[in-house]
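Undergrad: See upload_13.cif below, with mmCIF, C-alpha atoms and all ligand atoms.
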data_input
#
loop_
_atom_site.label_atom_id
_atom_site.label_comp_id
_atom_site.auth_asym_id
_atom_site.auth_seq_id
_atom_site.Cartn_x
_atom_site.Cartn_y
_atom_site.Cartn_z
CA MET R 1 111.69 134.84 101.53
CA SER R 2 111.39 133.57 105.10
CA VAL R 3 108.42 131.65 106.44
CA ASN R 4 105.48 133.88 107.38
CA VAL R 5 104.18 132.05 110.44
CA ALA R 6 101.34 134.50 111.17
CA ALA R 7 100.02 134.40 107.58
CA LEU R 8 100.09 130.59 107.49
CA ARG R 9 98.35 130.30 110.84
CA ALA R 10 95.72 132.84 109.78
CA ALA R 11 95.09 130.77 106.65
CA ASP R 12 94.84 127.58 108.71
CA LEU R 13 97.86 126.01 107.02
CA PRO R 14 100.82 124.10 108.50
CA VAL R 15 103.96 126.11 109.17
CA LEU R 16 106.76 124.68 106.98
CA GLY R 17 110.00 126.02 105.56
CA ARG R 18 111.73 127.40 108.64
CA ASP R 19 115.07 125.66 107.96
CA GLU R 20 116.38 127.50 104.90
CA GLY R 21 119.08 124.83 104.44
CA ARG R 22 116.63 122.20 103.24
CA THR R 23 113.72 121.62 100.88
CA TYR R 24 110.28 120.73 102.25
CA ARG R 25 107.72 118.69 100.33
CA LEU R 26 104.09 119.55 101.03
CA GLY R 27 101.43 117.15 99.72
CA ILE R 28 98.04 118.64 98.83
CA MET R 29 95.16 116.18 98.60
CA GLY R 30 92.37 118.09 96.89
CA GLY R 31 88.90 116.66 96.60
CA THR R 32 85.21 117.12 97.15
CA PHE R 33 85.40 114.50 99.94
CA ASP R 34 81.63 113.94 99.87
CA PRO R 35 82.36 111.90 101.97
CA ILE R 36 86.06 111.17 102.49
CA HIS R 37 86.94 107.44 102.36
CA TYR R 38 89.84 105.02 102.74
CA GLY R 39 90.74 105.38 99.03
CA HIS R 40 91.67 109.04 99.66
CA LEU R 41 93.48 108.21 102.90
CA VAL R 42 95.47 105.30 101.47
CA ALA R 43 96.46 107.32 98.38
CA ALA R 44 97.69 110.20 100.55
CA GLU R 45 99.57 107.88 102.90
CA GLN R 46 101.28 106.16 100.00
CA ALA R 47 102.23 109.49 98.43
CA PHE R 48 103.61 110.54 101.82
CA ASP R 49 105.81 107.43 101.99
CA ASP R 50 106.90 107.06 98.37
CA LEU R 51 107.62 110.74 97.72
CA LYS R 52 109.03 111.41 101.17
CA LEU R 53 106.58 114.23 101.84
CA ASP R 54 106.78 116.23 105.06
CA LEU R 55 103.00 116.56 105.49
CA VAL R 56 99.82 116.07 103.49
CA VAL R 57 97.14 118.77 103.64
CA PHE R 58 93.61 117.54 102.92
CA MET R 59 91.78 120.40 101.28
CA PRO R 60 88.03 119.94 100.70
CA ALA R 61 87.03 122.03 97.69
CA GLY R 62 84.64 124.92 98.41
CA ARG R 63 82.65 124.93 95.15
CA PRO R 64 84.26 122.17 93.03
CA ALA R 65 84.72 123.39 89.45
CA PHE R 66 83.43 120.23 87.74
CA LYS R 67 80.55 119.54 90.14
CA LEU R 68 78.68 122.87 90.04
CA ASP R 69 75.39 121.27 88.93
CA SER R 70 75.40 118.40 91.39
CA GLY R 71 74.09 118.86 94.94
CA VAL R 72 77.32 118.76 96.91
CA THR R 73 77.07 118.55 100.72
CA SER R 74 77.94 121.76 102.62
CA GLY R 75 81.62 122.63 102.97
CA GLU R 76 81.29 122.60 106.76
CA ASP R 77 80.03 119.01 106.81
CA ARG R 78 82.67 117.83 104.31
CA PHE R 79 85.38 119.62 106.29
CA ALA R 80 84.17 118.10 109.59
CA MET R 81 84.30 114.59 108.11
CA THR R 82 87.75 115.28 106.65
CA LEU R 83 88.96 116.49 110.05
CA LEU R 84 87.59 113.38 111.77
CA ALA R 85 89.17 111.06 109.19
CA THR R 86 92.63 112.65 109.40
CA ALA R 87 92.72 113.46 113.13
CA ASP R 88 94.74 110.44 114.26
CA ASN R 89 97.48 110.72 111.62
CA PRO R 90 100.38 112.95 112.75
CA HIS R 91 101.39 113.85 109.18
CA PHE R 92 97.88 114.62 107.87
CA VAL R 93 96.31 118.06 108.25
CA ALA R 94 92.77 119.15 107.31
CA SER R 95 92.58 122.71 105.96
CA ARG R 96 89.69 125.16 105.50
CA PHE R 97 91.74 127.05 102.91
CA GLU R 98 89.38 126.27 100.00
CA ILE R 99 86.03 126.05 101.78
CA ASP R 100 86.58 129.52 103.24
CA ARG R 101 87.17 131.03 99.78
CA GLU R 102 84.31 132.62 97.86
CA GLY R 103 83.36 131.43 94.39
CA VAL R 104 84.35 128.41 92.33
CA THR R 105 87.42 126.58 93.64
CA TYR R 106 90.14 126.41 91.00
CA THR R 107 93.33 124.51 91.80
CA ALA R 108 95.50 127.08 89.99
CA ASP R 109 94.16 129.81 92.35
CA THR R 110 94.89 127.63 95.37
CA LEU R 111 98.45 126.96 94.20
CA ARG R 112 99.12 130.64 93.41
CA LEU R 113 97.87 131.63 96.87
CA LEU R 114 99.95 128.92 98.53
CA ARG R 115 103.02 130.00 96.55
CA GLY R 116 102.58 133.49 97.97
CA LEU R 117 102.39 132.16 101.53
CA TYR R 118 105.23 129.65 101.59
CA PRO R 119 108.93 130.32 101.04
CA ASP R 120 110.68 128.88 97.96
CA ASN R 121 112.13 125.93 99.86
CA VAL R 122 108.60 124.43 100.14
CA GLU R 123 107.59 122.40 97.05
CA PHE R 124 103.99 121.40 96.34
CA TYR R 125 102.82 117.89 95.37
CA PHE R 126 99.20 117.89 94.22
CA ILE R 127 97.77 114.40 94.74
CA THR R 128 94.89 113.24 92.60
CA GLY R 129 93.45 110.12 90.93
CA ALA R 130 95.12 109.05 87.68
CA ASP R 131 91.76 109.54 85.90
CA ALA R 132 91.83 113.18 86.96
CA ILE R 133 95.34 113.55 85.48
CA THR R 134 93.88 113.00 82.01
CA GLU R 135 91.48 115.88 82.68
CA ILE R 136 93.94 118.22 84.36
CA VAL R 137 95.07 119.58 81.00
CA SER R 138 91.59 121.14 80.69
CA TRP R 139 91.54 122.65 84.17
CA ARG R 140 91.59 126.43 84.52
CA ASP R 141 95.17 127.82 83.99
CA ALA R 142 96.68 124.35 83.57
CA ASP R 143 100.00 125.94 82.60
CA ASP R 144 100.19 127.57 86.05
CA ILE R 145 99.41 124.25 87.72
CA ALA R 146 102.30 122.67 85.76
CA ARG R 147 104.60 125.50 86.84
CA LEU R 148 103.62 125.55 90.51
CA ALA R 149 103.26 121.89 91.52
CA HIS R 150 104.45 118.36 90.97
CA LEU R 151 101.51 116.05 90.29
CA VAL R 152 100.93 112.68 91.90
CA GLY R 153 98.44 110.39 90.14
CA ALA R 154 97.04 107.49 92.17
CA THR R 155 96.21 104.40 90.10
CA ARG R 156 95.16 100.86 90.86
CA PRO R 157 97.61 98.03 90.06
CA GLY R 158 97.37 97.12 86.37
CA TYR R 159 95.68 100.44 85.44
CA ASP R 160 96.40 101.45 81.84
CA LEU R 161 98.21 104.80 81.98
CA ASP R 162 98.28 105.37 78.21
CA ARG R 163 95.34 107.78 78.24
CA ALA R 164 96.94 109.91 80.95
CA TRP R 165 100.33 109.98 79.15
CA ASP R 166 98.64 110.84 75.82
CA ALA R 167 96.60 113.67 77.33
CA ILE R 168 99.67 115.19 78.98
CA ALA R 169 101.80 114.81 75.83
CA ALA R 170 99.06 116.34 73.63
CA SER R 171 98.74 119.37 75.94
CA GLY R 172 102.32 120.46 75.27
CA LEU R 173 102.53 121.52 78.93
CA ASP R 174 105.47 120.60 81.10
CA PHE R 175 103.74 118.59 83.84
CA ASP R 176 105.89 116.66 86.28
CA VAL R 177 103.76 113.59 87.12
CA THR R 178 104.57 110.63 89.35
CA TYR R 179 102.15 107.70 89.19
CA LEU R 180 101.57 105.60 92.30
CA SER R 181 99.92 102.22 92.32
CA VAL R 182 97.40 102.25 95.18
CA PRO R 183 95.62 99.02 96.15
CA ALA R 184 92.30 100.47 97.44
CA LEU R 185 91.38 102.48 94.33
CA ALA R 186 87.96 100.95 93.60
CA ILE R 187 86.32 102.82 96.52
CA SER R 188 84.55 106.07 95.60
CA SER R 189 82.43 108.66 97.42
CA SER R 190 79.48 107.90 95.12
CA TYR R 191 79.65 104.25 96.16
CA LEU R 192 79.56 105.26 99.83
CA ARG R 193 76.61 107.61 99.24
CA GLU R 194 74.68 104.86 97.48
CA ARG R 195 75.34 102.48 100.35
CA VAL R 196 74.13 104.98 102.94
CA GLU R 197 71.00 105.69 100.94
CA ALA R 198 70.32 101.94 100.76
CA GLY R 199 70.80 101.63 104.54
CA GLN R 200 74.01 99.62 104.15
CA SER R 201 77.08 99.73 106.36
CA LEU R 202 80.19 101.82 105.65
CA ARG R 203 82.35 99.70 107.90
CA TYR R 204 85.90 99.27 106.43
CA LEU R 205 85.18 101.88 103.73
CA THR R 206 85.70 105.02 105.83
CA PRO R 207 86.78 105.60 109.46
CA ASP R 208 83.96 104.98 111.94
CA PRO R 209 83.87 108.60 113.23
CA VAL R 210 82.96 109.69 109.66
CA THR R 211 80.12 107.15 109.60
CA GLY R 212 78.96 108.36 113.01
CA TYR R 213 79.03 111.99 111.86
CA LEU R 214 77.05 111.44 108.68
CA HIS R 215 74.40 109.46 110.53
CA LYS R 216 74.20 112.00 113.33
CA HIS R 217 73.61 114.75 110.76
CA GLY R 218 71.36 112.71 108.48
CA LEU R 219 73.61 113.14 105.40
CA TYR R 220 73.01 111.16 102.18
CA GLY R 221 69.62 110.01 103.43
CA ALA R 222 71.17 108.33 106.47
CA SER R 223 68.83 107.34 109.25
CA ARG R 224 69.73 108.84 112.59
CA SER R 225 67.88 106.15 114.52
CA ARG R 226 70.48 103.51 113.74
CA TYR R 227 72.95 105.49 115.83
CA GLY R 228 70.38 106.74 118.32
CA GLN R 229 70.27 103.71 120.55
CA THR R 230 72.06 105.34 123.47
CA ARG R 231 69.37 108.01 123.69
CA GLU R 232 66.60 105.40 123.49
CA VAL R 233 68.25 103.47 126.33
CA VAL R 234 68.67 106.65 128.41
CA ASP R 235 65.10 107.81 127.75
N1 LIG R 301 89.89 105.13 95.78
C1 LIG R 301 90.68 106.15 95.46
N2 LIG R 301 92.01 106.00 95.45
C2 LIG R 301 92.80 107.03 95.09
N3 LIG R 301 92.38 108.25 94.73
C3 LIG R 301 91.07 108.45 94.73
C4 LIG R 301 90.15 107.42 95.10
N4 LIG R 301 88.90 107.91 95.01
C5 LIG R 301 89.05 109.19 94.61
N5 LIG R 301 90.34 109.51 94.43
C6 LIG R 301 90.89 110.79 94.00
O1 LIG R 301 90.78 111.68 95.10
C7 LIG R 301 90.46 113.00 94.61
C8 LIG R 301 89.23 113.50 95.29
O2 LIG R 301 88.19 112.63 94.95
P1 LIG R 301 86.67 112.96 95.24
O3 LIG R 301 86.54 113.70 96.51
O4 LIG R 301 86.02 113.53 94.04
O5 LIG R 301 86.18 111.47 95.53
P2 LIG R 301 85.52 110.41 94.58
O6 LIG R 301 85.50 109.16 95.37
O7 LIG R 301 86.20 110.38 93.25
O8 LIG R 301 84.05 111.05 94.48
P3 LIG R 301 82.79 110.77 93.53
O9 LIG R 301 82.51 109.29 93.56
O10 LIG R 301 81.71 111.58 94.19
O11 LIG R 301 83.16 111.28 92.17
C9 LIG R 301 90.23 112.87 93.12
O12 LIG R 301 91.40 113.33 92.50
C10 LIG R 301 90.06 111.40 92.90
O13 LIG R 301 90.56 111.02 91.62
O1 LIG R 302 90.93 123.96 88.79
C1 LIG R 302 90.15 123.29 88.08
O2 LIG R 302 89.79 123.68 86.93
C2 LIG R 302 89.65 121.96 88.62
C3 LIG R 302 88.72 121.19 87.92
C4 LIG R 302 88.29 119.98 88.48
C5 LIG R 302 88.80 119.55 89.70
N1 LIG R 302 89.73 120.33 90.34
C6 LIG R 302 90.27 119.90 91.67
O3 LIG R 302 90.58 118.52 91.66
C7 LIG R 302 90.34 117.96 92.94
C8 LIG R 302 89.41 116.77 92.79
O4 LIG R 302 88.19 117.23 92.30
P1 LIG R 302 86.88 116.31 92.27
O5 LIG R 302 85.86 117.14 91.52
O6 LIG R 302 87.29 115.06 91.56
O7 LIG R 302 86.53 116.06 93.69
C9 LIG R 302 89.77 119.09 93.79
O8 LIG R 302 90.83 119.64 94.55
C10 LIG R 302 89.25 120.07 92.77
O9 LIG R 302 89.25 121.42 93.23
C11 LIG R 302 90.14 121.50 89.84
#
Just give me the structure of the file as structure tokens.
Ligand SMILES: Nc1ncnc2c1ncn2[C@@H]1O[C@H](COP(=O)(O)OP(=O)(O)OP(=O)(O)O)[C@@H](O)[C@H]1O
Ligand SMILES: O=C(O)c1ccc[n+]([C@@H]2O[C@H](COP(=O)([O-])O)[C@@H](O)[C@H]2O)c1
TA:
Amino acid sequence: MSVNVAALRAADLPVLGRDEGRTYRLGIMGGTFDPIHYGHLVAAEQAFDDLKLDLVVFMPAGRPAFKLDSGVTSGEDRFAMTLLATADNPHFVASRFEIDREGVTYTADTLRLLRGLYPDNVEFYFITGADAITEIVSWRDADDIARLAHLVGATRPGYDLDRAWDAIAASGLDFDVTYLSVPALAISSSYLRERVEAGQSLRYLTPDPVTGYLHKHGLYGASRSRYGQTREVVD
């Protein structure tokens, strides 16, 4: 199967796989990204380096399967922040593939759709936190996930991987998992949301354009006035 450039472009995905003489490795960083932070970015960059990936696609989930009851920020806002955070990295791409899909976002559906769009010489590496690896065995159609993608679990140095290994072994599924030790793991989106709500700075936790965006749009209870000084000066 040769690369279907038009289909990939229509689906807002990078065109990979043209050279049939080699294998391409496409990283997929899935997440709610509410908001995206340096933990996500560092994990993806390290996966890119260590696993010699060709590109990493950041894919904000449309309706995240395990967060249906919590008030998740709109897909458009989460996508915009993801785009801003990844814009200056030549091997990162932000994709609307999941936010444009109706219904609950299941990773197995995403991988099946991607498999239908890319030729066989493109392999998928689904990047996630090591905690999520212990849960992945209970994700919808976990056997298809194991069949369609390699998994990359980001951990912090010294993290005890026994629970993840046990969960995978107990599932009886043939997951191919690589664990990466990532230094910035303690950062989480919830921590950033709490800081915004408390009127605290996000400096050094997420790229400044993301902070600017969430203040401009009043997300997470952010005050716009803090970033409205230019207007006050002009007025
Ligand atoms: N600091 C981090 N380092 C590496 N991976 C992370 C980090 N934070 C989250 N991840 C992983 O990135 C993926 C997407 O995470 P998600 O968008 O849910 O962010 P989160 O920070 O875990 O959010 P929340 O605090 O709202 O649960 C998940 O697989 C998660 O395990
Ligand atoms: O497919 C599933 O059953 C499933 C269940 C929970 C999470 N996921 C995916 O895992 C990624 C991280 O999810 P979250 O909820 O930790 O932001 C994101 O891409 C989700 O779509 C997928």
Undergrad: Could you state the separation of atom CA of Leu83 of chain R and atom CA of Ser181 of chain R in Å, given to one decimal place?
TA: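 Computing the Euclidean distance for atom CA of Leu83 of chain R and atom CA of Ser181 of chain R yields 25.3 Å.
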Undergrad: What is the distance between atom CA of Val137 of chain R and atom CA of Arg163 of chain R, in Å to one decimal?
TA: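 Going from atom CA of Val137 of chain R over to atom CA of Arg163 of chain R, I get 12.1 Å.
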Undergrad: Around ligand LIG 302 (chain R), out to 9 Å and counting all atoms listed in the file, which residues are there? I want them as a ChimeraX atom specification.
TA: /R:28-34,59-67,98,104-110,126-129,132,135-142,145
Undergrad: Grab all the atoms of segment 28-35 of chain R that the file lists, wrap them in a box along x, y and z, add 4 Å per side, and give me centre plus edge lengths in Å (one decimal) as lines of an AutoDock Vina configuration file.
TA:
center_x = 89.8
center_y = 115.3
center_z = 99.3
size_x = 24.4
size_y = 14.7
size_z = 13.4
Undergrad: Using only C-alpha atoms, which of the listed residues (R:Thr155, R:Ser190, R:Thr23, R:Asn89) sits closest to Leu205 of chain R?
TA: R:Ser190
Undergrad: Place a sphere of radius 12 Å on (86.3, 128.3, 105.5) in the file coordinates and name every protein, DNA or RNA residue with an atom inside or on its surface, counting all atoms listed in the file; give the answer as a PDB file with C-alpha atoms, in the coordinates of the input.
TA:
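Generated file (out.pdb):
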ATOM      1  CA  ALA R  10      95.720 132.840 109.780  1.00  0.00           C
ATOM      2  CA  ALA R  11      95.090 130.770 106.650  1.00  0.00           C
ATOM      3  CA  ASP R  12      94.840 127.580 108.710  1.00  0.00           C
ATOM      4  CA  LEU R  13      97.860 126.010 107.020  1.00  0.00           C
ATOM      5  CA  MET R  59      91.780 120.400 101.280  1.00  0.00           C
ATOM      6  CA  PRO R  60      88.030 119.940 100.700  1.00  0.00           C
ATOM      7  CA  ALA R  61      87.030 122.030  97.690  1.00  0.00           C
ATOM      8  CA  GLY R  62      84.640 124.920  98.410  1.00  0.00           C
ATOM      9  CA  ARG R  63      82.650 124.930  95.150  1.00  0.00           C
ATOM     10  CA  SER R  74      77.940 121.760 102.620  1.00  0.00           C
ATOM     11  CA  GLY R  75      81.620 122.630 102.970  1.00  0.00           C
ATOM     12  CA  GLU R  76      81.290 122.600 106.760  1.00  0.00           C
ATOM     13  CA  ASP R  77      80.030 119.010 106.810  1.00  0.00           C
ATOM     14  CA  ARG R  78      82.670 117.830 104.310  1.00  0.00           C
ATOM     15  CA  PHE R  79      85.380 119.620 106.290  1.00  0.00           C
ATOM     16  CA  ALA R  80      84.170 118.100 109.590  1.00  0.00           C
ATOM     17  CA  ALA R  94      92.770 119.150 107.310  1.00  0.00           C
ATOM     18  CA  SER R  95      92.580 122.710 105.960  1.00  0.00           C
ATOM     19  CA  ARG R  96      89.690 125.160 105.500  1.00  0.00           C
ATOM     20  CA  PHE R  97      91.740 127.050 102.910  1.00  0.00           C
ATOM     21  CA  GLU R  98      89.380 126.270 100.000  1.00  0.00           C
ATOM     22  CA  ILE R  99      86.030 126.050 101.780  1.00  0.00           C
ATOM     23  CA  ASP R 100      86.580 129.520 103.240  1.00  0.00           C
ATOM     24  CA  ARG R 101      87.170 131.030  99.780  1.00  0.00           C
ATOM     25  CA  GLU R 102      84.310 132.620  97.860  1.00  0.00           C
ATOM     26  CA  GLY R 103      83.360 131.430  94.390  1.00  0.00           C
TER      27      GLY R 103
END
Undergrad: To one decimal in Å, tell me the separation between atom C3 of ligand LIG 301 (chain R) and atom CA of Ala43 of chain R.
TA: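 Between atom C3 of ligand LIG 301 (chain R) and atom CA of Ala43 of chain R the gap works out to 6.6 Å.
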Undergrad: Would you mind listing what lies within 7 Å of segment 168-173 of chain R as a list in words, with all atoms listed in the file counted and same-chain residues fewer than 3 positions away left out?
TA: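 The residues satisfying every condition are Thr134, Val137, Asp143, Ala146, Ala164 and Trp165 of chain R.
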Undergrad: Quick one: of R:Ile36, R:Leu51, R:Val122, R:Val5, who's nearest to ligand LIG 301 (chain R), counting all atoms listed in the file?
TA: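 With all atoms listed in the file as the atom set, the closest residue is R:Ile36.
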Undergrad: Kindly indicate which residue among R:Val56, R:Leu117, R:Asp49, R:Pro35 lies nearest to Ala6 of chain R, using all atoms listed in the file for the distances.
TA: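 Closest residue, counting all atoms listed in the file: R:Leu117.
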Undergrad: Check the smallest atom-to-atom distance from each of R:Asn121, R:Ser2, R:Gln46, R:Ser189 to ligand LIG 301 (chain R) using only C-alpha atoms and all ligand atoms, then report the winner.
TA: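 Selected residue with least distance to ligand LIG 301 (chain R): R:Ser189.
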Undergrad: Restricting the calculation to all atoms listed in the file, which member of R:Thr73, R:Asn4, R:Glu123, R:Pro90 is positioned closest to Tyr24 of chain R?
TA: R:Glu123
Undergrad: Which is closer to Tyr204 of chain R than all the others in R:Leu84, R:Leu55, R:Ile187, R:Leu148, using only C-alpha atoms?
TA: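 Nearest to Tyr204 of chain R: R:Ile187.
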Undergrad: What lies within 9 Å of Leu214 of chain R using only C-alpha atoms, ignoring chain neighbours under 3 positions off, as an MDAnalysis selection string?
TA: chainID R and resid 35 77 81 209:211 217:220 222 224
Undergrad: Grab the residues selected above and save them as an mmCIF file, in the frame of the given file with C-alpha atoms.
TA:
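Contents of the output file part-v5.cif:
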data_model
loop_
_atom_site.group_PDB
_atom_site.id
_atom_site.type_symbol
_atom_site.label_atom_id
_atom_site.label_comp_id
_atom_site.auth_asym_id
_atom_site.auth_seq_id
_atom_site.Cartn_x
_atom_site.Cartn_y
_atom_site.Cartn_z
ATOM 1 C CA PRO R 35 82.360 111.900 101.970
ATOM 2 C CA ASP R 77 80.030 119.010 106.810
ATOM 3 C CA MET R 81 84.300 114.590 108.110
ATOM 4 C CA PRO R 209 83.870 108.600 113.230
ATOM 5 C CA VAL R 210 82.960 109.690 109.660
ATOM 6 C CA THR R 211 80.120 107.150 109.600
ATOM 7 C CA HIS R 217 73.610 114.750 110.760
ATOM 8 C CA GLY R 218 71.360 112.710 108.480
ATOM 9 C CA LEU R 219 73.610 113.140 105.400
ATOM 10 C CA TYR R 220 73.010 111.160 102.180
ATOM 11 C CA ALA R 222 71.170 108.330 106.470
ATOM 12 C CA ARG R 224 69.730 108.840 112.590
#
Undergrad: Hey, what's within 8 Å of Arg156 of chain R if we count only C-alpha atoms and toss same-chain stuff fewer than 2 positions away? As a list in words, please?
TA: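 Selected residues are Ala154, Gly158, Tyr159, Ser181, Val182, Pro183, Ala184, Leu185 and Ala186 of chain R.
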Undergrad: Compute the distance from (97.3, 107.9, 86.8) to each atom, counting all atoms listed in the file, keep the residues with any atom at most 6 Å away, and return them as a list in words; use the coordinates of the file.
TA: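 The residues that fall inside the cut-off are Ala130, Asp131, Gly153, Ala154, Thr155, Leu161 and Tyr179 of chain R.
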Undergrad: Okay, now the selection with C-alpha atoms, as a PDB file, in the frame of the given file?
TA:
ATOM      1  CA  ALA R 130      95.120 109.050  87.680  1.00  0.00           C
ATOM      2  CA  ASP R 131      91.760 109.540  85.900  1.00  0.00           C
ATOM      3  CA  GLY R 153      98.440 110.390  90.140  1.00  0.00           C
ATOM      4  CA  ALA R 154      97.040 107.490  92.170  1.00  0.00           C
ATOM      5  CA  THR R 155      96.210 104.400  90.100  1.00  0.00           C
ATOM      6  CA  LEU R 161      98.210 104.800  81.980  1.00  0.00           C
ATOM      7  CA  TYR R 179     102.150 107.700  89.190  1.00  0.00           C
TER       8      TYR R 179
END
Undergrad: Save segment 44-65 of chain R to a file: N, CA and C atoms, as a PDB file, in the first residue's frame.
TA:
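Full text of decode_27.pdb as output:
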ATOM      1  N   ALA R  44       7.518  13.581  25.332  1.00  0.00           N
ATOM      2  CA  ALA R  44       7.474  13.345  23.879  1.00  0.00           C
ATOM      3  C   ALA R  44       8.849  13.559  23.250  1.00  0.00           C
ATOM      4  N   GLU R  45       9.566  14.562  23.718  1.00  0.00           N
ATOM      5  CA  GLU R  45      10.893  14.836  23.169  1.00  0.00           C
ATOM      6  C   GLU R  45      11.849  13.686  23.487  1.00  0.00           C
ATOM      7  N   GLN R  46      11.727  13.170  24.709  1.00  0.00           N
ATOM      8  CA  GLN R  46      12.612  12.066  25.080  1.00  0.00           C
ATOM      9  C   GLN R  46      12.266  10.800  24.292  1.00  0.00           C
ATOM     10  N   ALA R  47      10.985  10.560  24.089  1.00  0.00           N
ATOM     11  CA  ALA R  47      10.587   9.403  23.267  1.00  0.00           C
ATOM     12  C   ALA R  47      11.125   9.579  21.850  1.00  0.00           C
ATOM     13  N   PHE R  48      11.039  10.804  21.344  1.00  0.00           N
ATOM     14  CA  PHE R  48      11.544  11.091  19.989  1.00  0.00           C
ATOM     15  C   PHE R  48      13.027  10.711  19.896  1.00  0.00           C
ATOM     16  N   ASP R  49      13.808  11.142  20.877  1.00  0.00           N
ATOM     17  CA  ASP R  49      15.248  10.875  20.862  1.00  0.00           C
ATOM     18  C   ASP R  49      15.559   9.399  21.086  1.00  0.00           C
ATOM     19  N   ASP R  50      15.026   8.845  22.174  1.00  0.00           N
ATOM     20  CA  ASP R  50      15.439   7.497  22.582  1.00  0.00           C
ATOM     21  C   ASP R  50      14.959   6.428  21.614  1.00  0.00           C
ATOM     22  N   LEU R  51      13.767   6.632  21.037  1.00  0.00           N
ATOM     23  CA  LEU R  51      13.214   5.601  20.154  1.00  0.00           C
ATOM     24  C   LEU R  51      13.403   5.945  18.678  1.00  0.00           C
ATOM     25  N   LYS R  52      14.165   7.009  18.450  1.00  0.00           N
ATOM     26  CA  LYS R  52      14.476   7.426  17.076  1.00  0.00           C
ATOM     27  C   LYS R  52      13.202   7.548  16.235  1.00  0.00           C
ATOM     28  N   LEU R  53      12.253   8.310  16.769  1.00  0.00           N
ATOM     29  CA  LEU R  53      10.988   8.517  16.056  1.00  0.00           C
ATOM     30  C   LEU R  53      11.198   9.528  14.932  1.00  0.00           C
ATOM     31  N   ASP R  54      10.360   9.484  13.926  1.00  0.00           N
ATOM     32  CA  ASP R  54      10.449  10.454  12.832  1.00  0.00           C
ATOM     33  C   ASP R  54       9.702  11.734  13.188  1.00  0.00           C
ATOM     34  N   LEU R  55       8.571  11.597  13.864  1.00  0.00           N
ATOM     35  CA  LEU R  55       7.741  12.738  14.255  1.00  0.00           C
ATOM     36  C   LEU R  55       6.911  12.317  15.472  1.00  0.00           C
ATOM     37  N   VAL R  56       6.456  13.288  16.237  1.00  0.00           N
ATOM     38  CA  VAL R  56       5.475  12.983  17.285  1.00  0.00           C
ATOM     39  C   VAL R  56       4.220  13.822  17.021  1.00  0.00           C
ATOM     40  N   VAL R  57       3.093  13.137  16.919  1.00  0.00           N
ATOM     41  CA  VAL R  57       1.806  13.816  16.744  1.00  0.00           C
ATOM     42  C   VAL R  57       1.144  13.975  18.110  1.00  0.00           C
ATOM     43  N   PHE R  58       0.843  15.203  18.494  1.00  0.00           N
ATOM     44  CA  PHE R  58       0.093  15.466  19.724  1.00  0.00           C
ATOM     45  C   PHE R  58      -1.384  15.466  19.368  1.00  0.00           C
ATOM     46  N   MET R  59      -2.120  14.582  20.038  1.00  0.00           N
ATOM     47  CA  MET R  59      -3.509  14.371  19.654  1.00  0.00           C
ATOM     48  C   MET R  59      -4.427  14.595  20.854  1.00  0.00           C
ATOM     49  N   PRO R  60      -4.915  15.820  21.046  1.00  0.00           N
ATOM     50  CA  PRO R  60      -5.863  16.044  22.152  1.00  0.00           C
ATOM     51  C   PRO R  60      -7.104  15.170  21.960  1.00  0.00           C
ATOM     52  N   ALA R  61      -7.511  14.495  23.027  1.00  0.00           N
ATOM     53  CA  ALA R  61      -8.678  13.621  22.940  1.00  0.00           C
ATOM     54  C   ALA R  61      -9.948  14.460  22.791  1.00  0.00           C
ATOM     55  N   GLY R  62     -10.893  13.995  21.985  1.00  0.00           N
ATOM     56  CA  GLY R  62     -12.168  14.705  21.810  1.00  0.00           C
ATOM     57  C   GLY R  62     -12.977  14.615  23.089  1.00  0.00           C
ATOM     58  N   ARG R  63     -13.559  13.422  23.333  1.00  0.00           N
ATOM     59  CA  ARG R  63     -14.247  13.167  24.616  1.00  0.00           C
ATOM     60  C   ARG R  63     -13.478  12.040  25.287  1.00  0.00           C
ATOM     61  N   PRO R  64     -12.551  12.378  26.223  1.00  0.00           N
ATOM     62  CA  PRO R  64     -11.698  11.348  26.823  1.00  0.00           C
ATOM     63  C   PRO R  64     -12.512  10.292  27.570  1.00  0.00           C
ATOM     64  N   ALA R  65     -12.222   9.013  27.285  1.00  0.00           N
ATOM     65  CA  ALA R  65     -13.037   7.903  27.785  1.00  0.00           C
ATOM     66  C   ALA R  65     -13.141   7.872  29.306  1.00  0.00           C
TER      67      ALA R  65
END
